[in-house]
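File shown here: query_4.txt, holding compact mmCIF, C-alpha atoms.
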# COMPACT_ATOMS: atom_id res chain seq x y z
CA MET A 25 0.00 0.00 0.00
CA LEU A 26 1.12 3.53 -0.77
CA ASN A 27 2.56 5.26 2.26
CA VAL A 28 1.52 8.77 3.17
CA ASP A 29 2.97 10.20 6.37
CA SER A 30 0.59 10.00 9.27
CA LEU A 31 -0.79 13.30 10.44
CA GLN A 32 0.30 14.91 13.67
CA LYS A 33 -2.46 17.48 13.50
CA GLY A 34 -5.25 17.76 10.99
CA VAL A 35 -8.33 16.11 9.55
CA VAL A 36 -8.73 12.72 7.93
CA ILE A 37 -11.79 12.14 5.80
CA ASP A 38 -12.07 8.39 5.59
CA HIS A 39 -14.34 5.75 4.08
CA ILE A 40 -14.99 7.80 0.97
CA LYS A 41 -16.56 5.75 -1.78
CA ALA A 42 -13.79 4.92 -4.26
CA GLY A 43 -13.69 7.52 -6.99
CA SER A 44 -15.53 10.25 -5.04
CA SER A 45 -12.57 11.98 -3.44
CA MET A 46 -12.12 14.57 -6.18
CA ASP A 47 -15.81 15.55 -5.93
CA ILE A 48 -15.33 16.09 -2.22
CA TYR A 49 -12.10 18.00 -2.86
CA HIS A 50 -14.03 20.41 -5.08
CA TYR A 51 -17.23 20.63 -3.00
CA LEU A 52 -15.22 21.42 0.14
CA ARG A 53 -13.02 23.86 -1.81
CA LEU A 54 -9.90 22.20 -0.49
CA ASP A 55 -7.97 23.76 -3.36
CA GLU A 56 -8.27 27.06 -1.46
CA LEU A 57 -6.27 25.72 1.50
CA ASP A 58 -2.59 26.61 1.84
CA CYS A 59 -1.70 23.47 3.82
CA SER A 60 -0.85 20.02 2.47
CA VAL A 61 -3.79 17.96 1.27
CA ALA A 62 -3.26 14.32 0.34
CA ILE A 63 -5.79 12.44 -1.74
CA ILE A 64 -5.49 8.69 -1.58
CA LYS A 65 -7.51 6.88 -4.20
CA ASN A 66 -8.49 3.22 -4.31
CA ALA A 67 -6.98 2.32 -0.94
CA LYS A 68 -7.70 -1.23 0.20
CA SER A 69 -10.47 -1.47 2.76
CA ALA A 70 -11.70 -4.52 4.64
CA LYS A 71 -15.16 -2.95 4.91
CA MET A 72 -15.51 -1.36 1.48
CA GLY A 73 -13.11 -3.26 -0.76
CA ARG A 74 -11.73 0.00 -2.14
CA LYS A 75 -12.05 3.46 -0.69
CA ASP A 76 -10.67 6.97 -1.00
CA ILE A 77 -9.14 8.98 1.83
CA ILE A 78 -8.34 12.67 2.13
CA LYS A 79 -5.79 13.90 4.65
CA ILE A 80 -5.61 17.60 5.48
CA GLU A 81 -2.59 18.81 7.41
CA GLU A 82 -4.45 21.51 9.33
CA LEU A 83 -7.36 21.70 11.76
CA THR A 84 -9.70 23.33 9.32
CA ASP A 85 -13.46 23.60 9.58
CA ILE A 86 -15.02 20.99 7.34
CA ASN A 87 -18.52 21.59 6.03
CA LEU A 88 -20.13 18.49 7.49
CA ASP A 89 -23.43 19.26 5.74
CA VAL A 90 -21.72 18.96 2.38
CA LEU A 91 -20.06 15.71 3.35
CA GLY A 92 -23.30 14.36 4.76
CA PHE A 93 -25.03 15.26 1.53
CA ILE A 94 -22.42 13.46 -0.58
CA ASP A 95 -22.27 10.32 1.54
CA ASN A 96 -23.24 10.09 5.19
CA ASN A 97 -21.17 6.91 5.60
CA ILE A 98 -17.97 8.94 5.38
CA THR A 99 -16.06 9.35 8.64
CA VAL A 100 -14.26 12.49 9.70
CA ASN A 101 -11.45 12.11 12.21
CA ILE A 102 -9.81 15.03 13.98
CA ILE A 103 -6.15 14.35 14.68
CA GLU A 104 -4.02 16.00 17.33
CA SER A 105 -0.58 14.87 18.49
CA GLY A 106 -0.85 12.01 16.03
CA ARG A 107 -4.01 10.59 17.66
CA ILE A 108 -7.70 10.67 16.85
CA VAL A 109 -9.27 13.03 19.36
CA GLU A 110 -12.72 13.28 17.78
CA LYS A 111 -14.83 11.36 15.31
CA LYS A 112 -17.49 13.49 13.65
CA LYS A 113 -20.78 11.87 12.83
CA LEU A 114 -22.43 12.75 9.55
CA THR A 115 -26.13 13.00 8.88
CA LEU A 116 -28.13 13.98 5.82
CA PRO A 117 -28.52 17.76 6.10
CA GLU A 118 -31.98 19.28 5.76
CA GLN A 119 -30.55 21.92 3.40
CA VAL A 120 -27.53 22.21 1.15
CA ARG A 121 -26.64 25.82 0.36
CA GLY A 122 -24.30 27.20 -2.28
CA VAL A 123 -22.60 23.91 -3.10
CA ILE A 124 -24.55 22.18 -5.84
CA ARG A 125 -26.37 23.86 -8.70
CA CYS A 126 -29.84 23.47 -10.14
CA LYS A 127 -29.72 22.37 -13.77
CA ASN A 128 -33.33 23.18 -14.67
CA PRO A 129 -33.29 25.78 -17.47
CA ARG A 130 -36.73 26.95 -16.32
CA CYS A 131 -35.49 27.73 -12.80
CA ILE A 132 -34.91 31.34 -11.73
CA THR A 133 -31.34 30.34 -10.81
CA ALA A 134 -30.66 29.69 -14.50
CA VAL A 135 -30.98 33.40 -15.32
CA GLU A 136 -30.20 35.16 -12.04
CA THR A 137 -26.69 34.04 -11.24
CA ASP A 138 -26.51 35.87 -7.89
CA VAL A 139 -29.28 33.76 -6.39
CA GLU A 140 -27.85 31.23 -3.95
CA HIS A 141 -28.57 27.65 -4.99
CA ILE A 142 -30.36 25.93 -2.12
CA PHE A 143 -31.58 22.34 -2.02
CA ARG A 144 -33.84 20.75 0.57
CA LEU A 145 -33.95 17.12 1.63
CA ALA A 146 -37.12 15.77 -0.01
CA ASP A 147 -36.77 12.04 0.66
CA ARG A 148 -34.42 10.80 3.36
CA GLU A 149 -34.57 7.14 2.30
CA ARG A 150 -33.66 7.89 -1.29
CA HIS A 151 -31.17 10.65 -0.34
CA LEU A 152 -33.13 12.88 -2.68
CA TYR A 153 -32.68 16.64 -2.74
CA ARG A 154 -34.79 19.23 -4.57
CA CYS A 155 -34.14 22.82 -5.54
CA ILE A 156 -36.20 25.01 -3.20
CA TYR A 157 -37.14 27.32 -6.08
CA CYS A 158 -38.33 24.97 -8.83
CA GLU A 159 -38.38 21.60 -6.99
CA GLN A 160 -36.17 19.99 -9.62
CA GLU A 161 -34.44 16.88 -8.29
CA PHE A 162 -30.68 17.19 -7.96
CA ASP A 163 -29.14 14.91 -10.51
CA ARG A 164 -25.76 13.66 -9.45
CA MET B 9 -45.24 38.83 7.69
CA ARG B 10 -46.64 36.04 5.53
CA HIS B 11 -46.21 35.25 1.84
CA LEU B 12 -48.11 32.86 -0.40
CA ILE B 13 -45.59 31.13 -2.64
CA ASP B 14 -46.71 27.51 -2.49
CA PRO B 15 -50.22 26.21 -1.76
CA SER B 16 -48.87 24.42 1.31
CA ASP B 17 -47.88 27.77 2.83
CA LEU B 18 -51.46 27.84 4.09
CA SER B 19 -52.67 25.16 6.47
CA VAL B 20 -55.95 23.36 5.80
CA GLN B 21 -57.52 25.39 8.57
CA GLU B 22 -56.24 28.65 7.07
CA VAL B 23 -57.58 27.65 3.66
CA ASP B 24 -60.97 26.94 5.21
CA GLU B 25 -60.97 30.30 6.98
CA LEU B 26 -59.96 32.03 3.75
CA LEU B 27 -62.71 30.33 1.78
CA ASN B 28 -65.22 31.21 4.48
CA LEU B 29 -64.15 34.85 4.24
CA ALA B 30 -64.37 34.70 0.43
CA ASP B 31 -67.91 33.33 0.78
CA ARG B 32 -68.85 36.20 3.09
CA ILE B 33 -67.36 38.70 0.65
CA ALA B 34 -69.31 37.13 -2.22
CA LYS B 35 -72.55 37.50 -0.27
CA ASP B 36 -71.97 41.12 0.73
CA PRO B 37 -69.14 42.76 -1.25
CA LYS B 38 -70.16 46.27 -0.22
CA ARG B 39 -69.31 45.53 3.38
CA TYR B 40 -65.66 45.14 2.37
CA SER B 41 -65.44 48.05 -0.03
CA GLU B 42 -63.19 50.20 2.14
CA VAL B 43 -61.25 47.77 4.32
CA CYS B 44 -58.01 48.35 2.37
CA LYS B 45 -58.39 52.08 1.92
CA GLY B 46 -54.95 53.68 1.69
CA LYS B 47 -53.23 50.36 0.87
CA LYS B 48 -51.46 49.69 -2.42
CA LEU B 49 -51.08 46.45 -4.36
CA ALA B 50 -48.17 46.15 -6.82
CA THR B 51 -48.78 43.76 -9.70
CA LEU B 52 -45.39 42.65 -11.02
CA PHE B 53 -46.18 40.66 -14.14
CA TYR B 54 -43.08 39.61 -16.05
CA GLU B 55 -45.24 37.40 -18.23
CA PRO B 56 -48.44 38.34 -20.09
CA SER B 57 -51.66 37.70 -18.21
CA THR B 58 -55.14 39.04 -18.57
CA ARG B 59 -57.38 37.45 -16.00
CA THR B 60 -54.98 36.86 -13.14
CA ARG B 61 -53.61 40.40 -13.21
CA LEU B 62 -57.00 42.02 -13.68
CA SER B 63 -58.47 39.73 -11.04
CA PHE B 64 -55.85 40.89 -8.53
CA GLU B 65 -56.38 44.51 -9.49
CA ALA B 66 -60.17 44.18 -9.31
CA ALA B 67 -59.81 42.52 -5.91
CA MET B 68 -57.73 45.37 -4.49
CA LEU B 69 -59.97 48.04 -6.01
CA ASN B 70 -63.04 46.26 -4.59
CA LEU B 71 -61.41 46.51 -1.16
CA GLY B 72 -60.94 50.27 -1.54
CA GLY B 73 -57.19 50.07 -2.15
CA SER B 74 -55.20 51.14 -5.18
CA VAL B 75 -52.91 49.36 -7.62
CA LEU B 76 -49.67 49.99 -9.47
CA GLY B 77 -47.34 47.77 -11.45
CA PHE B 78 -46.32 46.54 -14.86
CA ALA B 79 -47.84 44.03 -17.25
CA SER B 80 -44.80 42.63 -19.03
CA ALA B 81 -41.06 42.25 -18.53
CA ASP B 82 -40.47 44.59 -21.49
CA SER B 83 -42.10 47.47 -19.64
CA SER B 84 -40.16 46.90 -16.42
CA SER B 85 -36.56 47.39 -15.38
CA ALA B 86 -36.08 43.65 -15.91
CA ALA B 87 -35.53 44.63 -19.54
CA LYS B 88 -32.50 46.58 -18.31
CA GLY B 89 -31.23 43.53 -16.46
CA GLU B 90 -32.42 44.30 -12.95
CA SER B 91 -32.66 41.27 -10.69
CA VAL B 92 -35.87 40.11 -9.02
CA ALA B 93 -34.21 40.75 -5.65
CA ASP B 94 -33.45 44.38 -6.46
CA THR B 95 -36.88 44.97 -8.00
CA ILE B 96 -38.72 43.72 -4.91
CA ARG B 97 -36.49 45.73 -2.58
CA VAL B 98 -37.55 48.86 -4.44
CA ILE B 99 -41.22 47.90 -4.80
CA SER B 100 -41.29 47.27 -1.04
CA CYS B 101 -40.85 51.04 -0.66
CA TYR B 102 -43.82 51.82 -2.90
CA ALA B 103 -46.53 49.27 -2.07
CA ASP B 104 -48.00 47.34 0.86
CA ILE B 105 -48.35 43.97 -0.89
CA CYS B 106 -47.41 42.53 -4.27
CA ALA B 107 -48.53 39.84 -6.68
CA MET B 108 -45.79 38.49 -8.93
CA ARG B 109 -46.00 36.45 -12.09
CA HIS B 110 -42.74 35.34 -13.65
CA PRO B 111 -41.82 32.90 -16.43
CA LYS B 112 -39.03 31.40 -14.35
CA GLU B 113 -39.85 28.88 -11.65
CA GLY B 114 -39.11 30.06 -8.14
CA ALA B 115 -38.90 33.79 -8.94
CA PRO B 116 -41.61 34.73 -6.39
CA MET B 117 -39.76 32.71 -3.75
CA VAL B 118 -36.59 34.67 -4.49
CA ALA B 119 -38.64 37.86 -4.17
CA SER B 120 -40.07 36.76 -0.82
CA ARG B 121 -36.56 36.35 0.58
CA PHE B 122 -35.73 39.99 -0.06
CA SER B 123 -39.14 41.60 0.35
CA LYS B 124 -40.41 43.81 3.15
CA ILE B 125 -44.00 43.33 2.01
CA PRO B 126 -46.10 40.16 1.52
CA VAL B 127 -45.45 38.48 -1.83
CA ILE B 128 -48.13 36.46 -3.60
CA ASN B 129 -47.08 34.00 -6.27
CA ALA B 130 -49.36 34.76 -9.22
CA GLY B 131 -47.81 31.97 -11.28
CA ASP B 132 -44.16 31.00 -11.74
CA GLY B 133 -43.44 29.27 -15.04
CA GLY B 134 -44.83 25.75 -15.09
CA HIS B 135 -44.43 25.40 -11.34
CA GLN B 136 -47.18 26.71 -9.04
CA HIS B 137 -50.20 28.99 -9.12
CA PRO B 138 -51.59 29.02 -5.57
CA THR B 139 -54.24 31.71 -5.99
CA GLN B 140 -55.76 29.83 -8.92
CA THR B 141 -55.90 26.87 -6.56
CA LEU B 142 -57.75 28.88 -3.94
CA THR B 143 -60.17 29.85 -6.70
CA ASP B 144 -60.56 26.20 -7.70
CA LEU B 145 -61.10 25.11 -4.11
CA MET B 146 -63.73 27.79 -3.56
CA THR B 147 -65.54 26.71 -6.73
CA ILE B 148 -65.41 23.00 -5.89
CA ARG B 149 -66.58 23.62 -2.34
CA SER B 150 -69.43 25.86 -3.46
CA ILE B 151 -70.66 23.25 -5.97
CA LYS B 152 -70.05 20.06 -4.00
CA GLY B 153 -70.34 21.40 -0.48
CA ARG B 154 -67.05 19.75 0.50
CA LEU B 155 -63.42 19.29 -0.54
CA GLY B 156 -63.01 15.68 0.55
CA GLY B 157 -64.52 12.45 -0.75
CA LEU B 158 -64.29 13.43 -4.41
CA THR B 159 -62.91 11.87 -7.58
CA ILE B 160 -61.01 14.58 -9.40
CA GLY B 161 -60.11 14.18 -13.07
CA LEU B 162 -57.27 16.37 -14.32
CA CYS B 163 -56.98 16.46 -18.09
CA GLY B 164 -54.53 17.91 -20.61
CA ASP B 165 -51.08 19.27 -19.91
CA LEU B 166 -50.33 17.89 -16.49
CA LYS B 167 -46.57 18.34 -16.87
CA PHE B 168 -46.31 22.10 -17.32
CA GLY B 169 -49.77 22.97 -15.98
CA ARG B 170 -48.90 24.85 -12.83
CA THR B 171 -52.54 25.05 -11.77
CA VAL B 172 -52.64 21.25 -11.81
CA HIS B 173 -49.56 20.93 -9.61
CA SER B 174 -50.92 23.37 -7.06
CA LEU B 175 -54.37 21.78 -7.06
CA ILE B 176 -53.03 18.25 -6.51
CA LYS B 177 -50.88 19.47 -3.63
CA SER B 178 -53.81 21.21 -2.00
CA LEU B 179 -56.50 18.59 -2.52
CA SER B 180 -54.16 15.84 -1.33
CA ARG B 181 -54.61 17.22 2.18
CA TYR B 182 -58.30 16.30 2.27
CA GLU B 183 -59.76 12.91 3.18
CA GLY B 184 -61.14 10.58 0.54
CA ILE B 185 -59.68 12.31 -2.51
CA ARG B 186 -58.98 10.21 -5.61
CA PHE B 187 -57.25 11.48 -8.74
CA VAL B 188 -57.64 10.39 -12.34
CA LEU B 189 -54.75 11.89 -14.33
CA ILE B 190 -55.59 12.10 -18.03
CA SER B 191 -52.78 13.19 -20.35
CA PRO B 192 -50.59 12.14 -23.24
CA GLY B 193 -47.47 10.25 -22.12
CA GLU B 194 -45.25 13.29 -22.72
CA LEU B 195 -47.36 15.56 -20.53
CA ARG B 196 -47.82 13.40 -17.46
CA VAL B 197 -47.68 14.82 -13.95
CA PRO B 198 -44.03 15.30 -12.86
CA ASP B 199 -42.50 12.44 -10.92
CA TYR B 200 -41.99 14.54 -7.81
CA ILE B 201 -45.72 15.15 -7.46
CA VAL B 202 -46.60 11.51 -8.08
CA GLY B 203 -43.86 10.22 -5.78
CA GLU B 204 -43.75 12.77 -3.00
CA VAL B 205 -47.40 13.79 -2.85
CA LEU B 206 -49.63 11.00 -4.17
CA ARG B 207 -47.61 7.89 -3.36
CA ALA B 208 -46.14 9.32 -0.17
CA LYS B 209 -49.60 10.07 1.19
CA GLY B 210 -51.16 6.87 -0.15
CA ILE B 211 -53.68 8.77 -2.26
CA PRO B 212 -55.42 6.63 -4.88
CA TYR B 213 -54.68 7.74 -8.43
CA GLU B 214 -54.60 6.38 -11.93
CA GLU B 215 -52.87 7.70 -15.04
CA VAL B 216 -54.74 7.22 -18.32
CA GLU B 217 -54.62 8.67 -21.82
CA ASP B 218 -58.29 8.38 -22.80
CA LEU B 219 -60.81 10.83 -21.34
CA GLU B 220 -63.98 9.11 -22.53
CA THR B 221 -63.31 5.85 -20.72
CA VAL B 222 -63.02 7.55 -17.32
CA ILE B 223 -65.32 10.59 -17.54
CA GLY B 224 -68.25 8.64 -16.06
CA LYS B 225 -66.60 8.23 -12.66
CA LEU B 226 -65.52 11.83 -12.13
CA ASP B 227 -67.07 14.31 -9.69
CA ILE B 228 -64.90 17.11 -11.04
CA LEU B 229 -63.25 17.37 -14.46
CA TYR B 230 -60.45 19.92 -14.48
CA MET B 231 -59.48 20.72 -18.06
CA THR B 232 -56.25 22.49 -18.95
CA ARG B 233 -54.75 24.11 -22.00
CA VAL B 234 -51.59 22.82 -23.65
CA GLN B 235 -49.48 25.96 -23.29
CA ARG B 236 -47.37 26.97 -26.26
CA GLU B 237 -45.12 29.12 -24.07
CA ARG B 238 -43.92 26.12 -22.03
CA PHE B 239 -42.42 24.29 -25.01
CA PHE B 240 -38.87 24.80 -26.22
CA ASN B 241 -39.83 22.91 -29.38
CA GLU B 242 -42.75 24.17 -31.55
CA GLU B 243 -43.17 20.76 -33.19
CA ASP B 244 -43.92 19.12 -29.85
CA TYR B 245 -46.52 21.78 -29.11
CA ILE B 246 -48.30 21.31 -32.44
CA ARG B 247 -48.32 17.54 -32.02
CA LEU B 248 -49.84 17.68 -28.53
CA LYS B 249 -52.06 20.77 -28.51
CA ASP B 250 -55.26 19.06 -29.64
CA SER B 251 -54.88 15.94 -27.49
CA TYR B 252 -58.17 16.54 -25.67
CA ILE B 253 -61.26 18.44 -26.71
CA LEU B 254 -64.26 18.26 -24.42
CA THR B 255 -67.47 18.24 -26.45
CA ALA B 256 -71.19 18.03 -25.67
CA HIS B 257 -71.05 14.45 -26.93
CA LYS B 258 -68.35 13.49 -24.41
CA MET B 259 -70.31 15.23 -21.66
CA GLN B 260 -73.15 12.75 -22.23
CA GLY B 261 -70.97 10.11 -20.59
CA ALA B 262 -70.41 12.20 -17.44
CA LYS B 263 -72.36 12.16 -14.17
CA PRO B 264 -75.32 14.57 -14.11
CA ASP B 265 -73.66 16.52 -11.30
CA MET B 266 -70.07 16.45 -12.51
CA ALA B 267 -68.58 19.95 -12.64
CA VAL B 268 -66.22 21.09 -15.39
CA LEU B 269 -63.52 23.49 -14.28
CA HIS B 270 -60.80 25.22 -16.31
CA PRO B 271 -58.32 27.84 -15.12
CA LEU B 272 -58.80 29.73 -18.42
CA PRO B 273 -57.89 30.97 -20.93
CA ARG B 274 -59.10 28.11 -23.07
CA VAL B 275 -58.20 27.73 -26.70
CA ASN B 276 -60.15 24.80 -28.08
CA GLU B 277 -59.91 22.16 -25.36
CA ILE B 278 -63.51 22.86 -24.33
CA ALA B 279 -65.91 23.27 -27.26
CA VAL B 280 -68.02 26.41 -26.99
CA GLU B 281 -71.16 24.23 -27.04
CA VAL B 282 -70.26 22.99 -23.54
CA ASP B 283 -70.63 26.53 -22.14
CA ASP B 284 -74.42 26.11 -22.10
CA ASP B 285 -74.21 22.89 -20.09
CA PRO B 286 -75.17 23.64 -16.45
CA ARG B 287 -72.17 21.55 -15.39
CA ALA B 288 -69.77 24.09 -16.91
CA ALA B 289 -68.35 26.00 -13.95
CA TYR B 290 -65.34 27.77 -15.46
CA PHE B 291 -66.87 31.21 -15.66
CA THR B 292 -68.09 30.92 -12.07
CA GLN B 293 -64.44 30.14 -11.25
CA ALA B 294 -63.35 33.47 -12.73
CA GLN B 295 -65.81 35.34 -10.51
CA ASN B 296 -64.72 33.38 -7.46
CA GLY B 297 -61.12 34.30 -8.26
CA VAL B 298 -61.81 37.92 -7.39
CA TYR B 299 -63.48 37.06 -4.07
CA VAL B 300 -60.78 34.68 -2.97
CA ARG B 301 -58.03 37.16 -3.89
CA MET B 302 -59.86 39.82 -1.88
CA ALA B 303 -59.86 37.44 1.07
CA LEU B 304 -56.16 36.64 0.59
CA ILE B 305 -55.13 40.29 0.38
CA MET B 306 -57.05 40.98 3.60
CA LYS B 307 -55.38 38.05 5.34
CA LEU B 308 -51.83 38.92 4.28
CA LEU B 309 -52.33 42.59 5.11
CA GLU B 310 -53.89 41.53 8.41
CA VAL B 311 -56.91 43.67 7.68
CA GLY B 312 -59.88 42.84 9.88
CA GLU B 313 -63.50 42.69 8.83
CA CYS B 314 -65.16 45.97 9.73

Take the structure I supplied and represent it as structure tokens, if you would.
Amino acid sequence: MLNVDSLQKGVVIDHIKAGSSMDIYHYLRLDELDCSVAIIKNAKSAKMGRKDIIKIEELTDINLDVLGFIDNNITVNIIESGRIVEKKKLTLPEQVRGVIRCKNPRCITAVETDVEHIFRLADRERHLYRCIYCEQEFDR
Amino acid sequence: MRHLIDPSDLSVQEVDELLNLADRIAKDPKRYSEVCKGKKLATLFYEPSTRTRLSFEAAMLNLGGSVLGFASADSSSAAKGESVADTIRVISCYADICAMRHPKEGAPMVASRFSKIPVINAGDGGHQHPTQTLTDLMTIRSIKGRLGGLTIGLCGDLKFGRTVHSLIKSLSRYEGIRFVLISPGELRVPDYIVGEVLRAKGIPYEEVEDLETVIGKLDILYMTRVQRERFFNEEDYIRLKDSYILTAHKMQGAKPDMAVLHPLPRVNEIAVEVDDDPRAAYFTQAQNGVYVRMALIMKLLEVGEC
């Protein structure tokens, strides 16, 4: 297995569905961070077979709503002095604001670009979100 | 401050109270002729409309208030590129309440987020039209004496027909409602309404393409127009526009007390010969629209009955 130095202080986003790490990287705007960010793709996992992992070498605030929206099975570990000091639990957020965009050409957000894109949880079992303006389902 | 953006913004109890007030207004309009004196309604119509805009204006004038506004996007600052948010911020300084129609879905909701005055959705694209729904509910209740225990047939463009979406959402809150959804395959009710309203609430419904085979079991037949302005492709519109035409002959198969509703304007989906049938209720609907909008304006402005 590829070795990436273990973190002394930072955040590890673990149990990411294989292939989803770049989506998370973009949704969380990790490209805007100045610290080291390691993306590990297709790591072996006893539980998942293959998984992705993101390691952030800084105690930065992670938007847990966004992560919960993408996959609430992801785990977020806070690392200090090389040890896990907190495991954050993810849930499906009731609203997702300013992260994903409505693709309905009939929606007001299609013509007024300053309007914040907001989605509400419409069906918890199906992980289904709808635009609050036009009710279009978010299509991943 | 309250807005009316979606039919579910009003509880069943509030709808009942509103319809009761509309009934009282219909019985004695003079009593309400000055309750909104000094108040102004802004009608912000980014999309052409005759009856909805005039119905709102008539409602406010009947209440003793005054009206201002624009009747198309071309004659507003939207033509200069002003956003809905900025427009409503400014209109909030000029009027006490506003009714907004917009071709884009969700525009009135955007307005409500920036407004200092109550915003009424007067139709947003193919999405919702809650005041038409209040009109429909008032008409159904006045004819049938109830809003529950009815079989409602919805016919025509059920995909882009915003009045249909609003009506299904509203009627689904009453006991014993059954829906018969009659449309061509391409114009069926959107999945989110079927899945999250009808199936989620366990409301009986069937989707069919032929009106004549189901007309005999309907208590209400709600006809709609196939709207040219909702199609990106003219060919699709031409192919689908004459899918359903209600004629006197088809009415022979209906119950003697079935009521025919239509949000209007109609093009040819109801033959003129049906107008003389006592079951035709669509012009009564138009009259009720004024009363129910009067009641709504009073409620949102928190104006009491004198």

Inset, instruction - Using CA of Leu54 (chain A) and CA of Ile86 (chain A) as the two end points, give the distance in Å to one decimal. - result: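 Separating CA of Leu54 (chain A) from CA of Ile86 (chain A) is a distance of 9.4 Å.
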
Inset, instruction - Can you work out the spacing between CA of Asn66 (chain A) and CA of Glu104 (chain A) in Å, to one decimal? - result: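 Separation between CA of Asn66 (chain A) and CA of Glu104 (chain A): 25.5 Å.
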
Closest atom pairs, residues of chain A within 8 Å of chain B, all atoms listed in the file, as a tab-separated table:
residue	atom	partner	partner_atom	distance
A:Arg130	CA	B:Lys112	CA	5.4
A:Cys131	CA	B:Glu113	CA	4.7
A:Ile132	CA	B:Lys112	CA	4.9
A:Glu136	CA	B:Ser91	CA	6.7
A:Val139	CA	B:Val118	CA	7.6
A:Ala146	CA	B:Glu204	CA	7.9
A:Asp147	CA	B:Glu204	CA	7.9
A:Ile156	CA	B:Gly114	CA	7.6
A:Tyr157	CA	B:Gly114	CA	4.0
A:Cys158	CA	B:Glu113	CA	5.1
A:Glu159	CA	B:Tyr200	CA	8.0
A:Glu161	CA	B:Tyr200	CA	7.9

Inset, instruction - Please tell me which residues are no farther than 9 Å from (-68.2, 22.9, -8.4) in the file, counting all atoms listed in the file, and write them as JSON, numbers by chain. - result: {"B": [144, 145, 146, 147, 148, 149, 150, 151, 152, 153, 227, 228, 265, 266, 267, 268, 269, 287, 288, 289, 292, 293]}

Using all atoms listed in the file, can you list as a PDB file with C-alpha atoms, in the frame of the given file the residues within 9 Å of (-58.9, 12.2, -12.9)?
ATOM      1  CA  THR B 159     -62.910  11.870  -7.580  1.00  0.00           C
ATOM      2  CA  ILE B 160     -61.010  14.580  -9.400  1.00  0.00           C
ATOM      3  CA  GLY B 161     -60.110  14.180 -13.070  1.00  0.00           C
ATOM      4  CA  LEU B 162     -57.270  16.370 -14.320  1.00  0.00           C
ATOM      5  CA  CYS B 163     -56.980  16.460 -18.090  1.00  0.00           C
ATOM      6  CA  ARG B 186     -58.980  10.210  -5.610  1.00  0.00           C
ATOM      7  CA  PHE B 187     -57.250  11.480  -8.740  1.00  0.00           C
ATOM      8  CA  VAL B 188     -57.640  10.390 -12.340  1.00  0.00           C
ATOM      9  CA  LEU B 189     -54.750  11.890 -14.330  1.00  0.00           C
ATOM     10  CA  ILE B 190     -55.590  12.100 -18.030  1.00  0.00           C
ATOM     11  CA  TYR B 213     -54.680   7.740  -8.430  1.00  0.00           C
ATOM     12  CA  GLU B 214     -54.600   6.380 -11.930  1.00  0.00           C
ATOM     13  CA  GLU B 215     -52.870   7.700 -15.040  1.00  0.00           C
ATOM     14  CA  VAL B 216     -54.740   7.220 -18.320  1.00  0.00           C
ATOM     15  CA  LEU B 219     -60.810  10.830 -21.340  1.00  0.00           C
ATOM     16  CA  VAL B 222     -63.020   7.550 -17.320  1.00  0.00           C
ATOM     17  CA  ILE B 223     -65.320  10.590 -17.540  1.00  0.00           C
ATOM     18  CA  LYS B 225     -66.600   8.230 -12.660  1.00  0.00           C
ATOM     19  CA  LEU B 226     -65.520  11.830 -12.130  1.00  0.00           C
ATOM     20  CA  ILE B 228     -64.900  17.110 -11.040  1.00  0.00           C
ATOM     21  CA  LEU B 229     -63.250  17.370 -14.460  1.00  0.00           C
ATOM     22  CA  TYR B 230     -60.450  19.920 -14.480  1.00  0.00           C
TER      23      TYR B 230
END

Inset, instruction - Write out as an MDAnalysis selection string each polymer residue whose atoms come within 12 Å of Asp17 (chain B), counting all atoms listed in the file; drop sequence neighbours fewer than 6 positions from it. - result: chainID B and resid 10:11 23 117 127:129 136 138:139 174 177:178 308

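With all atoms listed in the file as the basis for measurement, A:Ile77 is the residue among A:Ala62, A:Ile77, A:Leu31, A:Ala134 that approaches Ser45 (chain A) most closely.
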
What box, with edges along x, y and z, holds each listed atom of region 163-169 of chain B when 8 Å is added on every side, and can you state its centre and edge lengths in Å to one decimal, as lines of an AutoDock Vina configuration file?
center_x = -51.6
center_y = 19.7
center_z = -18.3
size_x = 26.7
size_y = 22.5
size_z = 20.6

Legend entry - Pick from B:Thr143, B:Leu304, B:Gly72, B:Met259, whichever lies nearest to Glu25 (chain B) using only C-alpha atoms: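 Between B:Thr143, B:Leu304, B:Gly72, B:Met259, the residue approaching Glu25 (chain B) most closely is B:Leu304.
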
Legend entry - Pairwise distance for CA of Asp14 (chain B) and CA of Ile305 (chain B), rounded to one decimal in Å: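 Going from CA of Asp14 (chain B) over to CA of Ile305 (chain B) covers 15.6 Å.
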
Legend entry - B:Lys38, B:Arg233, B:Arg61, B:Arg181 ranked by distance to Val275 (chain B), top pick (using all atoms listed in the file): B:Arg233

Inset, instruction - Find the residue from A:Ile102, A:Ile94, A:Ile40, A:Leu116 that sits nearest to Met72 (chain A); use only C-alpha atoms when measuring. - result: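 Ranking A:Ile102, A:Ile94, A:Ile40, A:Leu116 by distance to Met72 (chain A), first place goes to A:Ile40.
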
Inset, instruction - With a distance cut-off of 10 Å and all atoms listed in the file, select the neighbouring residues of Thr51 (chain B), excluding the residue or stretch itself and same-chain residues fewer than 4 positions from it, and output the selection as a VMD selection string. - result: chain B and resid 60 to 62 64 to 65 75 to 79 99 103 105 to 109 128 130

Legend entry - Within 6 Å of Val36 (chain A) using only C-alpha atoms, minus same-chain residues under 6 positions, as a ChimeraX atom specification: /A:78-79,100-101

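Shortest atom-to-atom contact with Arg74 (chain A) among A:His151, A:Lys41, A:His141, A:His50: A:Lys41, counting all atoms listed in the file.
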